[in-house]
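This is input08.cif. It holds mmCIF, C-alpha atoms.
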```cif
data_run
#
loop_
_atom_site.group_PDB
_atom_site.id
_atom_site.type_symbol
_atom_site.label_atom_id
_atom_site.label_comp_id
_atom_site.auth_asym_id
_atom_site.auth_seq_id
_atom_site.Cartn_x
_atom_site.Cartn_y
_atom_site.Cartn_z
ATOM 1 C CA MET L 1 0.000 0.000 0.000
ATOM 2 C CA GLN L 2 2.783 2.417 0.935
ATOM 3 C CA LYS L 3 4.626 1.610 -2.304
ATOM 4 C CA ALA L 4 1.469 2.336 -4.293
ATOM 5 C CA LYS L 5 1.032 5.699 -2.540
ATOM 6 C CA THR L 6 4.676 6.565 -3.187
ATOM 7 C CA PHE L 7 4.309 5.577 -6.840
ATOM 8 C CA TRP L 8 1.204 7.710 -7.418
ATOM 9 C CA LEU L 9 2.740 10.608 -5.513
ATOM 10 C CA GLY L 10 5.764 10.300 -7.798
ATOM 11 C CA ILE L 11 3.460 10.346 -10.830
ATOM 12 C CA GLY L 12 1.755 13.517 -9.553
ATOM 13 C CA ILE L 13 5.061 15.237 -8.820
ATOM 14 C CA GLY L 14 6.355 14.215 -12.240
ATOM 15 C CA VAL L 15 3.288 15.564 -14.052
ATOM 16 C CA LEU L 16 3.596 18.880 -12.185
ATOM 17 C CA GLY L 17 7.286 19.107 -13.074
ATOM 18 C CA VAL L 18 6.619 18.365 -16.746
ATOM 19 C CA VAL L 19 3.791 20.939 -16.924
ATOM 20 C CA LEU L 20 5.996 23.601 -15.324
ATOM 21 C CA PHE L 21 8.853 22.812 -17.735
ATOM 22 C CA SER L 22 6.382 23.024 -20.614
ATOM 23 C CA SER L 23 5.208 26.483 -19.510
ATOM 24 C CA LYS L 24 8.647 27.882 -20.394
ATOM 25 C CA ALA L 25 7.914 28.172 -24.108
ATOM 26 C CA VAL L 26 4.643 29.991 -23.420
ATOM 27 C CA MET L 27 6.291 32.510 -21.089
ATOM 28 C CA VAL L 28 9.138 33.115 -23.553
ATOM 29 C CA LYS L 29 6.584 33.837 -26.286
ATOM 30 C CA LEU L 30 4.793 36.241 -23.929
ATOM 31 C CA ALA L 31 8.101 38.027 -23.247
ATOM 32 C CA TYR L 32 8.724 38.463 -26.991
ATOM 33 C CA LYS L 33 5.591 40.607 -27.162
ATOM 34 C CA TYR L 34 7.532 43.280 -25.222
ATOM 35 C CA GLN L 35 10.234 43.623 -27.901
ATOM 36 C CA VAL L 36 12.917 41.642 -26.072
ATOM 37 C CA ASP L 37 15.365 39.452 -28.002
ATOM 38 C CA ALA L 38 16.294 35.818 -27.356
ATOM 39 C CA ILE L 39 19.653 36.368 -25.649
ATOM 40 C CA SER L 40 18.202 39.035 -23.322
ATOM 41 C CA ILE L 41 15.371 36.881 -21.996
ATOM 42 C CA LEU L 42 17.795 33.949 -21.709
ATOM 43 C CA LEU L 43 20.122 36.217 -19.705
ATOM 44 C CA LEU L 44 17.295 37.105 -17.296
ATOM 45 C CA ARG L 45 16.461 33.417 -16.905
ATOM 46 C CA MET L 46 20.059 32.636 -15.959
ATOM 47 C CA LEU L 47 20.500 35.687 -13.729
ATOM 48 C CA PHE L 48 17.483 34.752 -11.627
ATOM 49 C CA SER L 49 18.457 31.046 -11.586
ATOM 50 C CA PHE L 50 22.121 31.644 -10.764
ATOM 51 C CA PRO L 51 21.828 32.207 -6.958
ATOM 52 C CA PHE L 52 19.783 29.031 -6.509
ATOM 53 C CA TYR L 53 22.331 26.862 -8.289
ATOM 54 C CA VAL L 54 25.184 28.472 -6.353
ATOM 55 C CA VAL L 55 23.429 27.443 -3.130
ATOM 56 C CA ILE L 56 22.753 23.939 -4.488
ATOM 57 C CA ALA L 57 26.377 23.536 -5.576
ATOM 58 C CA TYR L 58 27.529 24.599 -2.096
ATOM 59 C CA LEU L 59 25.087 22.348 -0.212
ATOM 60 C CA TYR L 60 25.991 19.313 -2.312
ATOM 61 C CA ARG L 61 29.725 20.054 -2.601
ATOM 62 C CA ASN L 62 30.544 16.919 -0.591
ATOM 63 C CA GLN L 63 28.186 14.603 -2.477
ATOM 64 C CA ASN L 64 30.006 11.433 -3.603
ATOM 65 C CA GLU L 65 33.223 12.794 -2.068
ATOM 66 C CA THR L 66 34.523 9.261 -1.593
ATOM 67 C CA ILE L 67 34.680 8.820 -5.388
ATOM 68 C CA SER L 68 37.883 10.032 -7.004
ATOM 69 C CA ILE L 69 37.349 12.675 -9.714
ATOM 70 C CA ASP L 70 40.213 13.923 -11.885
ATOM 71 C CA LYS L 71 40.633 17.258 -13.678
ATOM 72 C CA LYS L 72 39.611 15.847 -17.063
ATOM 73 C CA GLU L 73 36.189 14.949 -15.661
ATOM 74 C CA TYR L 74 35.681 18.519 -14.480
ATOM 75 C CA LEU L 75 36.517 19.650 -18.024
ATOM 76 C CA TRP L 76 33.834 17.283 -19.305
ATOM 77 C CA VAL L 77 31.355 18.908 -16.911
ATOM 78 C CA VAL L 78 32.219 22.268 -18.467
ATOM 79 C CA PHE L 79 31.755 20.831 -21.963
ATOM 80 C CA PHE L 80 28.389 19.231 -21.221
ATOM 81 C CA GLY L 81 27.204 22.329 -19.371
ATOM 82 C CA PHE L 82 28.110 24.278 -22.515
ATOM 83 C CA ILE L 83 26.198 22.072 -24.975
ATOM 84 C CA GLY L 84 23.465 20.707 -22.732
ATOM 85 C CA TYR L 85 22.150 23.811 -21.025
ATOM 86 C CA TYR L 86 23.690 26.790 -22.821
ATOM 87 C CA LEU L 87 23.523 25.804 -26.503
ATOM 88 C CA ALA L 88 20.289 23.842 -26.108
ATOM 89 C CA SER L 89 18.629 26.786 -24.329
ATOM 90 C CA TYR L 90 19.932 29.368 -26.796
ATOM 91 C CA PHE L 91 18.786 27.383 -29.853
ATOM 92 C CA ASP L 92 15.413 26.876 -28.187
ATOM 93 C CA PHE L 93 14.901 30.578 -27.394
ATOM 94 C CA VAL L 94 15.928 31.610 -30.921
ATOM 95 C CA GLY L 95 13.628 29.024 -32.469
ATOM 96 C CA LEU L 96 10.707 30.384 -30.452
ATOM 97 C CA THR L 97 11.055 33.723 -32.243
ATOM 98 C CA TYR L 98 9.899 31.940 -35.415
ATOM 99 C CA ILE L 99 7.390 29.243 -34.436
ATOM 100 C CA LYS L 100 4.500 28.545 -32.087
ATOM 101 C CA ALA L 101 5.163 27.386 -28.540
ATOM 102 C CA SER L 102 3.056 24.253 -29.088
ATOM 103 C CA LEU L 103 5.098 23.239 -32.144
ATOM 104 C CA GLU L 104 8.330 23.907 -30.241
ATOM 105 C CA ARG L 105 7.371 21.370 -27.606
ATOM 106 C CA ILE L 106 6.479 18.759 -30.243
ATOM 107 C CA ILE L 107 9.964 19.035 -31.793
ATOM 108 C CA LEU L 108 11.791 19.112 -28.445
ATOM 109 C CA PHE L 109 9.924 15.943 -27.550
ATOM 110 C CA LEU L 110 12.004 14.183 -30.231
ATOM 111 C CA TYR L 111 15.059 14.051 -27.958
ATOM 112 C CA PRO L 112 14.518 10.406 -26.835
ATOM 113 C CA THR L 113 14.724 9.294 -30.474
ATOM 114 C CA LEU L 114 17.892 11.351 -30.920
ATOM 115 C CA VAL L 115 19.363 9.693 -27.824
ATOM 116 C CA LEU L 116 18.709 6.296 -29.409
ATOM 117 C CA LEU L 117 20.314 7.361 -32.697
ATOM 118 C CA LEU L 118 23.376 8.881 -30.982
ATOM 119 C CA ASN L 119 23.807 5.736 -28.887
ATOM 120 C CA LYS L 120 23.604 3.694 -32.085
ATOM 121 C CA PHE L 121 26.220 5.688 -34.025
ATOM 122 C CA PHE L 122 28.664 6.526 -31.230
ATOM 123 C CA LEU L 123 28.215 3.808 -28.612
ATOM 124 C CA LYS L 124 27.175 1.028 -31.024
ATOM 125 C CA GLN L 125 24.046 0.227 -29.010
ATOM 126 C CA PRO L 126 21.529 -1.677 -31.151
ATOM 127 C CA ILE L 127 18.113 -0.291 -32.084
ATOM 128 C CA THR L 128 15.276 -2.823 -32.187
ATOM 129 C CA LYS L 129 12.724 -3.077 -35.001
ATOM 130 C CA ILE L 130 10.034 -1.678 -32.708
ATOM 131 C CA GLN L 131 12.219 1.303 -31.828
ATOM 132 C CA THR L 132 13.006 1.863 -35.520
ATOM 133 C CA GLY L 133 9.307 1.860 -36.330
ATOM 134 C CA ALA L 134 8.604 4.235 -33.436
ATOM 135 C CA ILE L 135 11.315 6.643 -34.654
ATOM 136 C CA VAL L 136 9.901 6.629 -38.206
ATOM 137 C CA LEU L 137 6.396 7.203 -36.801
ATOM 138 C CA THR L 138 7.628 10.097 -34.656
ATOM 139 C CA TYR L 139 9.326 11.953 -37.484
ATOM 140 C CA PHE L 140 6.325 11.354 -39.739
ATOM 141 C CA GLY L 141 4.241 13.160 -37.108
ATOM 142 C CA VAL L 142 6.635 16.128 -37.120
ATOM 143 C CA VAL L 143 6.501 16.316 -40.925
ATOM 144 C CA LEU L 144 2.690 16.332 -40.779
ATOM 145 C CA ALA L 145 2.605 19.162 -38.233
ATOM 146 C CA PHE L 146 5.215 21.276 -40.007
ATOM 147 C CA SER L 147 4.033 20.834 -43.558
ATOM 148 C CA GLU L 148 0.784 22.428 -42.427
ATOM 149 C CA GLU L 149 2.624 25.208 -40.548
ATOM 150 C CA ILE L 150 4.682 26.111 -43.631
ATOM 151 C CA ASN L 151 1.431 26.637 -45.527
ATOM 152 C CA ILE L 152 0.147 28.874 -42.722
ATOM 153 C CA SER L 153 3.225 30.833 -41.575
ATOM 154 C CA GLY L 154 5.619 30.550 -44.517
ATOM 155 C CA LYS L 155 9.225 29.436 -44.761
ATOM 156 C CA GLU L 156 10.228 31.228 -41.520
ATOM 157 C CA SER L 157 8.734 28.300 -39.639
ATOM 158 C CA ILE L 158 11.382 26.047 -41.229
ATOM 159 C CA VAL L 159 14.139 28.216 -39.704
ATOM 160 C CA GLY L 160 12.473 28.053 -36.311
ATOM 161 C CA GLY L 161 11.978 24.315 -36.593
ATOM 162 C CA LEU L 162 15.661 23.780 -37.417
ATOM 163 C CA PHE L 163 16.744 25.795 -34.361
ATOM 164 C CA ILE L 164 14.444 23.755 -32.099
ATOM 165 C CA LEU L 165 15.758 20.547 -33.665
ATOM 166 C CA LEU L 166 19.307 21.729 -32.894
ATOM 167 C CA SER L 167 18.173 22.334 -29.319
ATOM 168 C CA ALA L 168 16.812 18.785 -29.084
ATOM 169 C CA LEU L 169 20.029 17.410 -30.634
ATOM 170 C CA THR L 170 22.366 19.265 -28.259
ATOM 171 C CA TYR L 171 20.255 18.236 -25.267
ATOM 172 C CA ALA L 172 20.269 14.608 -26.436
ATOM 173 C CA SER L 173 24.059 14.819 -26.843
ATOM 174 C CA TYR L 174 24.271 16.053 -23.263
ATOM 175 C CA LEU L 175 22.157 13.124 -22.021
ATOM 176 C CA VAL L 176 24.246 10.568 -23.917
ATOM 177 C CA GLY L 177 27.634 12.025 -23.031
ATOM 178 C CA SER L 178 27.058 12.990 -19.419
ATOM 179 C CA GLY L 179 25.600 9.669 -18.310
ATOM 180 C CA TRP L 180 28.956 8.349 -17.110
ATOM 181 C CA LEU L 181 29.689 11.536 -15.126
ATOM 182 C CA ILE L 182 26.468 11.762 -13.114
ATOM 183 C CA PRO L 183 27.182 8.658 -10.957
ATOM 184 C CA LYS L 184 30.579 10.128 -10.081
ATOM 185 C CA PHE L 185 29.363 13.598 -9.101
ATOM 186 C CA GLY L 186 25.807 12.797 -8.016
ATOM 187 C CA VAL L 187 22.687 14.161 -9.726
ATOM 188 C CA MET L 188 22.308 17.373 -7.719
ATOM 189 C CA LYS L 189 25.986 18.285 -7.752
ATOM 190 C CA PHE L 190 26.421 17.568 -11.453
ATOM 191 C CA THR L 191 23.260 19.472 -12.432
ATOM 192 C CA ALA L 192 24.239 22.482 -10.348
ATOM 193 C CA TYR L 193 27.746 22.568 -11.813
ATOM 194 C CA ALA L 194 26.451 22.185 -15.382
ATOM 195 C CA MET L 195 23.865 24.922 -14.848
ATOM 196 C CA LEU L 196 26.498 27.282 -13.437
ATOM 197 C CA VAL L 197 28.649 26.680 -16.534
ATOM 198 C CA SER L 198 25.611 27.473 -18.658
ATOM 199 C CA CYS L 199 24.970 30.676 -16.707
ATOM 200 C CA PHE L 200 28.529 31.907 -17.259
ATOM 201 C CA CYS L 201 28.291 31.057 -20.983
ATOM 202 C CA VAL L 202 25.127 33.135 -21.279
ATOM 203 C CA PHE L 203 26.714 36.015 -19.350
ATOM 204 C CA ILE L 204 29.710 36.001 -21.720
ATOM 205 C CA HIS L 205 27.469 35.651 -24.774
ATOM 206 C CA PHE L 206 25.378 38.662 -23.757
ATOM 207 C CA SER L 207 28.454 40.762 -22.959
ATOM 208 C CA ILE L 208 29.743 40.142 -26.500
ATOM 209 C CA ILE L 209 26.622 40.458 -28.670
ATOM 210 C CA GLY L 210 23.996 41.992 -26.381
ATOM 211 C CA LYS L 211 22.680 45.210 -27.922
ATOM 212 C CA THR L 212 20.230 46.249 -25.230
ATOM 213 C CA ASP L 213 20.604 47.744 -21.768
ATOM 214 C CA ILE L 214 19.658 45.127 -19.209
ATOM 215 C CA PHE L 215 17.941 47.819 -17.124
ATOM 216 C CA SER L 216 15.803 49.135 -19.993
ATOM 217 C CA PHE L 217 13.131 46.432 -20.168
ATOM 218 C CA SER L 218 9.539 46.835 -19.041
ATOM 219 C CA TRP L 219 8.559 45.355 -15.673
ATOM 220 C CA GLN L 220 6.632 42.586 -17.462
ATOM 221 C CA VAL L 221 9.861 41.281 -19.021
ATOM 222 C CA TYR L 222 11.610 41.081 -15.625
ATOM 223 C CA LEU L 223 8.581 39.343 -14.127
ATOM 224 C CA LEU L 224 8.474 36.800 -16.955
ATOM 225 C CA GLY L 225 12.241 36.277 -16.691
ATOM 226 C CA PHE L 226 11.829 35.568 -12.972
ATOM 227 C CA LEU L 227 8.898 33.199 -13.559
ATOM 228 C CA ILE L 228 10.828 31.327 -16.281
ATOM 229 C CA ALA L 229 13.830 30.972 -13.960
ATOM 230 C CA ILE L 230 11.936 29.817 -10.875
ATOM 231 C CA PHE L 231 8.794 28.066 -12.099
ATOM 232 C CA ALA L 232 10.046 26.717 -15.449
ATOM 233 C CA THR L 233 13.661 25.941 -14.509
ATOM 234 C CA VAL L 234 14.612 25.590 -10.823
ATOM 235 C CA ILE L 235 11.435 24.135 -9.263
ATOM 236 C CA PRO L 236 10.657 21.599 -12.030
ATOM 237 C CA SER L 237 14.270 20.409 -12.045
ATOM 238 C CA PHE L 238 13.818 19.348 -8.406
ATOM 239 C CA LEU L 239 10.344 17.910 -9.037
ATOM 240 C CA VAL L 240 11.584 15.828 -11.963
ATOM 241 C CA SER L 241 14.561 14.542 -9.942
ATOM 242 C CA ALA L 242 12.228 13.587 -7.083
ATOM 243 C CA SER L 243 9.776 11.909 -9.452
ATOM 244 C CA ILE L 244 12.506 9.860 -11.157
ATOM 245 C CA LYS L 245 13.730 8.725 -7.746
ATOM 246 C CA MET L 246 10.205 7.635 -6.734
ATOM 247 C CA ILE L 247 8.966 5.971 -9.947
ATOM 248 C CA SER L 248 12.176 5.290 -12.002
ATOM 249 C CA SER L 249 13.427 7.035 -15.120
ATOM 250 C CA SER L 250 11.647 4.587 -17.437
ATOM 251 C CA ASN L 251 8.253 5.344 -15.891
ATOM 252 C CA PHE L 252 9.012 9.044 -15.909
ATOM 253 C CA ALA L 253 9.694 8.893 -19.663
ATOM 254 C CA ILE L 254 6.050 7.891 -20.077
ATOM 255 C CA VAL L 255 4.843 10.675 -17.750
ATOM 256 C CA ALA L 256 6.802 13.137 -19.935
ATOM 257 C CA GLY L 257 4.217 12.524 -22.667
ATOM 258 C CA VAL L 258 2.101 15.111 -20.829
ATOM 259 C CA GLY L 259 4.600 17.805 -21.975
ATOM 260 C CA PRO L 260 3.414 18.507 -25.540
ATOM 261 C CA ILE L 261 -0.248 18.241 -24.485
ATOM 262 C CA SER L 262 0.169 20.744 -21.643
ATOM 263 C CA THR L 263 2.057 23.172 -23.893
ATOM 264 C CA ILE L 264 -0.688 23.015 -26.531
ATOM 265 C CA ILE L 265 -3.307 23.762 -23.850
ATOM 266 C CA LEU L 266 -1.285 26.567 -22.193
ATOM 267 C CA ALA L 267 -0.467 28.121 -25.574
ATOM 268 C CA ALA L 268 -4.165 28.101 -26.488
ATOM 269 C CA ILE L 269 -5.086 29.800 -23.182
ATOM 270 C CA PHE L 270 -2.328 32.418 -22.886
ATOM 271 C CA LEU L 271 -1.190 32.959 -26.490
ATOM 272 C CA ASN L 272 -4.407 32.210 -28.347
ATOM 273 C CA GLU L 273 -2.482 29.700 -30.468
ATOM 274 C CA ARG L 274 -4.539 27.231 -32.432
ATOM 275 C CA LEU L 275 -3.279 24.094 -34.126
ATOM 276 C CA THR L 276 -5.121 22.705 -37.125
ATOM 277 C CA LEU L 277 -6.622 19.235 -36.997
ATOM 278 C CA LEU L 278 -3.722 17.940 -39.108
ATOM 279 C CA GLN L 279 -1.194 19.486 -36.691
ATOM 280 C CA LEU L 280 -3.016 17.995 -33.705
ATOM 281 C CA PHE L 281 -2.959 14.621 -35.437
ATOM 282 C CA GLY L 282 0.780 15.082 -36.079
ATOM 283 C CA ALA L 283 1.310 15.870 -32.395
ATOM 284 C CA LEU L 284 -0.616 12.717 -31.425
ATOM 285 C CA VAL L 285 1.549 10.654 -33.790
ATOM 286 C CA VAL L 286 4.736 12.124 -32.248
ATOM 287 C CA ILE L 287 3.562 11.408 -28.694
ATOM 288 C CA THR L 288 2.586 7.852 -29.666
ATOM 289 C CA GLY L 289 6.000 7.234 -31.246
ATOM 290 C CA ILE L 290 7.878 8.524 -28.202
ATOM 291 C CA LEU L 291 5.720 6.465 -25.840
ATOM 292 C CA LEU L 292 6.491 3.349 -27.898
ATOM 293 C CA VAL L 293 10.210 4.079 -27.517
ATOM 294 C CA SER L 294 9.772 4.680 -23.773
ATOM 295 C CA LEU L 295 7.670 1.559 -23.231
ATOM 296 C CA LYS L 296 10.258 -0.533 -25.065
ATOM 297 C CA LYS L 297 12.983 0.872 -22.817
ATOM 298 C CA ARG L 298 10.848 0.140 -19.783
ATOM 299 C CA ASN L 299 10.315 -3.464 -20.795
ATOM 300 C CA LYS L 300 14.078 -3.957 -21.090
ATOM 301 C CA ILE L 301 14.758 -2.753 -17.560
#
```
Would you mind giving the structure from this file in structure tokens?
Amino acid sequence: MQKAKTFWLGIGIGVLGVVLFSSKAVMVKLAYKYQVDAISILLLRMLFSFPFYVVIAYLYRNQNETISIDKKEYLWVVFFGFIGYYLASYFDFVGLTYIKASLERIILFLYPTLVLLLNKFFLKQPITKIQTGAIVLTYFGVVLAFSEEINISGKESIVGGLFILLSALTYASYLVGSGWLIPKFGVMKFTAYAMLVSCFCVFIHFSIIGKTDIFSFSWQVYLLGFLIAIFATVIPSFLVSASIKMISSSNFAIVAGVGPISTIILAAIFLNERLTLLQLFGALVVITGILLVSLKKRNKI
């Protein structure tokens, strides 16, 4: 009975974390209405997140201290922080200047298939026939959704889609490459370190190409930057970690299917975005394909 309660509590926590993560795209799109560019709103996200991850890094500084870690592994943390949280976030924020928030989430949801493909090409891990079929199904769904969007919004949507795909690819690369480091550092310590690297990358990026005064934005932009940092970054990162601990990563992968659905609903409420029936069908196909991949993984564990 207690295990069942823990499991369902983990499901609830996981759903909340996924919904909060999914709200990020909607809040970024809201911020763009106040004439703020991608790197500026990303800077605000990192500025507001930075103190929390400093505290986390300090509190968990002794996590896994009995495990020996050499300098090269710290360099790998820097590298994966660079591609996994900085590049992935930057590509995502740029892509959102071109496409709908709901479509952004559909493309980002491809990352499990990209993880499988990267594992196949770089780590020589086999892909089953079911997984191959699920991958084909998933990308067919994306083509359906985007072919319709090109007819509606024009070729700019292709540019946005490519940036979001790059975001999914860099994040998948982070997941594949950092897997061997997380057991050494511990989840909390590694995440905090990687996020701090990402923050510094964004700070440097803005100092080089930023064309706006950070103190010149309207109060709505600062509020949205704060909400993105706290409610779409820091809090859900803890909720997701707690959920994975309670229900396992394989079960959480299935819970993550709520992400695209919640973004479509939030985008309809706050941005008045509407997907066509063909796009909704494409989204359903994508979610089905990813769930097939996740269920297959689960069965293997």
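Proximity ranking of L:Gly154, L:Gly186, L:Pro112, L:Gly161 relative to L:Val286 places L:Pro112 first, based on all atoms listed in the file.
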Test item: residues at most 12 Å from L:Phe206, all atoms listed in the file, excluding those fewer than 3 positions along its chain, as a list in words: Asp37, Ala38, Ile39, Ser40, Ile41, Leu42, Leu43, Leu44, Met46, Leu47, Tyr90, Cys199, Phe200, Cys201, Val202, Phe203, Ile209, Gly210, Lys211, Thr212, Asp213 and Ile214 of chain L
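Atom CA of L:Gln279 is found 4.1 Å from atom CA of L:Ala145.
Protein, DNA and RNA residues at most 12 Å from (10.7, 40.4, -27.5), with only C-alpha atoms, are these: Met27, Val28, Lys29, Leu30, Ala31, Tyr32, Lys33, Tyr34, Gln35, Val36, Asp37, Ala38, Ile39, Ser40, Ile41, Leu42, Phe93, Val94, Leu96, Thr97, Tyr98, Thr212, Phe217, Ser218, Gln220, Val221, Tyr222, Leu224 and Gly225 of chain L.
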Picked residues, the PyMOL selection byres ((chain L and resi 72-78) around 9), expected as a list in words: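 Output from the PyMOL selection byres ((chain L and resi 72-78) around 9), applied to this file: Ile69, Asp70, Lys71, Phe79, Phe80, Gly81, Phe82, Ile83, Gly177, Ser178, Leu181, Phe190, Tyr193, Ala194, Val197 and Ser198 of chain L.
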Atom CA of L:Phe52 to atom CA of L:Leu227, distance in Å rounded to a single decimal: 13.6 Å
d(atom CA of L:Ile244, atom CA of L:Phe7) in Å: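 Computing the Euclidean distance for atom CA of L:Ile244 and atom CA of L:Phe7 yields 10.2 Å.
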Residue among L:Lys155, L:Leu117, L:Val234, L:Phe146 lying closest to L:Val176, counting all atoms listed in the file: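 Nearest candidate to L:Val176 out of L:Lys155, L:Leu117, L:Val234, L:Phe146: L:Leu117.
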Can you give me, as a compact mmCIF listing (two decimals) with C-alpha atoms, keeping the file's coordinate frame, the residues this file yields under the PyMOL selection byres ((chain L and resi 257) around 12)?
```txt
# COMPACT_ATOMS: atom_id res chain seq x y z
CA GLY L 14 6.36 14.22 -12.24
CA VAL L 15 3.29 15.56 -14.05
CA VAL L 18 6.62 18.36 -16.75
CA VAL L 19 3.79 20.94 -16.92
CA SER L 22 6.38 23.02 -20.61
CA ARG L 105 7.37 21.37 -27.61
CA ILE L 106 6.48 18.76 -30.24
CA LEU L 108 11.79 19.11 -28.44
CA PHE L 109 9.92 15.94 -27.55
CA LEU L 110 12.00 14.18 -30.23
CA PRO L 112 14.52 10.41 -26.84
CA ASN L 251 8.25 5.34 -15.89
CA PHE L 252 9.01 9.04 -15.91
CA ALA L 253 9.69 8.89 -19.66
CA ILE L 254 6.05 7.89 -20.08
CA VAL L 255 4.84 10.68 -17.75
CA ALA L 256 6.80 13.14 -19.93
CA VAL L 258 2.10 15.11 -20.83
CA GLY L 259 4.60 17.80 -21.98
CA PRO L 260 3.41 18.51 -25.54
CA ILE L 261 -0.25 18.24 -24.48
CA SER L 262 0.17 20.74 -21.64
CA THR L 263 2.06 23.17 -23.89
CA ALA L 283 1.31 15.87 -32.40
CA LEU L 284 -0.62 12.72 -31.42
CA VAL L 285 1.55 10.65 -33.79
CA VAL L 286 4.74 12.12 -32.25
CA ILE L 287 3.56 11.41 -28.69
CA THR L 288 2.59 7.85 -29.67
CA GLY L 289 6.00 7.23 -31.25
CA ILE L 290 7.88 8.52 -28.20
CA LEU L 291 5.72 6.46 -25.84
CA LEU L 292 6.49 3.35 -27.90
CA VAL L 293 10.21 4.08 -27.52
CA SER L 294 9.77 4.68 -23.77
CA LEU L 295 7.67 1.56 -23.23
```
L:Ile182, L:Leu87, L:Val136, L:Ile230 ranked by distance to L:Leu165, top pick (using only C-alpha atoms):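 Closest to L:Leu165, using only C-alpha atoms: L:Leu87.
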Reference answer for the PyMOL selection byres ((chain L and resi 65-68) around 10), as a PyMOL selection string: chain L and resi 60-64+69-70+183-186
Shell of 10 Å around L:Thr276, only C-alpha atoms, local chain residues under 5 positions omitted, as a list of chain:residue names: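 Listing them by chain and then by number gives L:Ala145, L:Glu148, L:Glu149, L:Ile152, L:Phe281, L:Gly282.
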Can you sort out the box for stretch 95-104 of chain L, edges along x, y and z, all listed atoms in, 3 Å on every side, with centre and edge lengths in Å to one decimal, as AutoDock Vina command-line options?
```
--center_x 8.3 --center_y 28.5 --center_z -32.0 --size_x 16.6 --size_y 16.5 --size_z 12.9
```
Exercise: L:Thr6 partners within 12 Å, only C-alpha atoms, chain neighbours under 6 positions left out, as JSON, numbers by chain: {"L": [12, 13, 14, 242, 243, 244, 245, 246, 247, 248]}
Please, can stretch 222-233 of chain L be completed to N, CA and C atoms and returned as a compact mmCIF listing (two decimals), in the frame of the given file?
```txt
# COMPACT_ATOMS: atom_id res chain seq x y z
N TYR L 222 10.90 41.56 -16.82
CA TYR L 222 11.61 41.08 -15.62
C TYR L 222 10.77 40.05 -14.88
N LEU L 223 9.46 40.29 -14.80
CA LEU L 223 8.58 39.34 -14.13
C LEU L 223 8.58 38.00 -14.85
N LEU L 224 8.47 38.04 -16.19
CA LEU L 224 8.47 36.80 -16.95
C LEU L 224 9.83 36.09 -16.86
N GLY L 225 10.92 36.87 -16.86
CA GLY L 225 12.24 36.28 -16.69
C GLY L 225 12.36 35.56 -15.36
N PHE L 226 11.81 36.18 -14.31
CA PHE L 226 11.83 35.57 -12.97
C PHE L 226 10.98 34.29 -12.95
N LEU L 227 9.79 34.36 -13.54
CA LEU L 227 8.90 33.20 -13.56
C LEU L 227 9.51 32.05 -14.35
N ILE L 228 10.17 32.37 -15.48
CA ILE L 228 10.83 31.33 -16.28
C ILE L 228 11.94 30.67 -15.46
N ALA L 229 12.70 31.49 -14.74
CA ALA L 229 13.83 30.97 -13.96
C ALA L 229 13.36 30.08 -12.82
N ILE L 230 12.35 30.54 -12.08
CA ILE L 230 11.94 29.82 -10.88
C ILE L 230 10.96 28.70 -11.17
N PHE L 231 9.88 29.03 -11.91
CA PHE L 231 8.79 28.07 -12.10
C PHE L 231 8.95 27.19 -13.34
N ALA L 232 9.85 27.55 -14.26
CA ALA L 232 10.05 26.72 -15.45
C ALA L 232 11.47 26.18 -15.53
N THR L 233 12.28 26.44 -14.49
CA THR L 233 13.66 25.94 -14.51
C THR L 233 14.02 25.29 -13.17
```
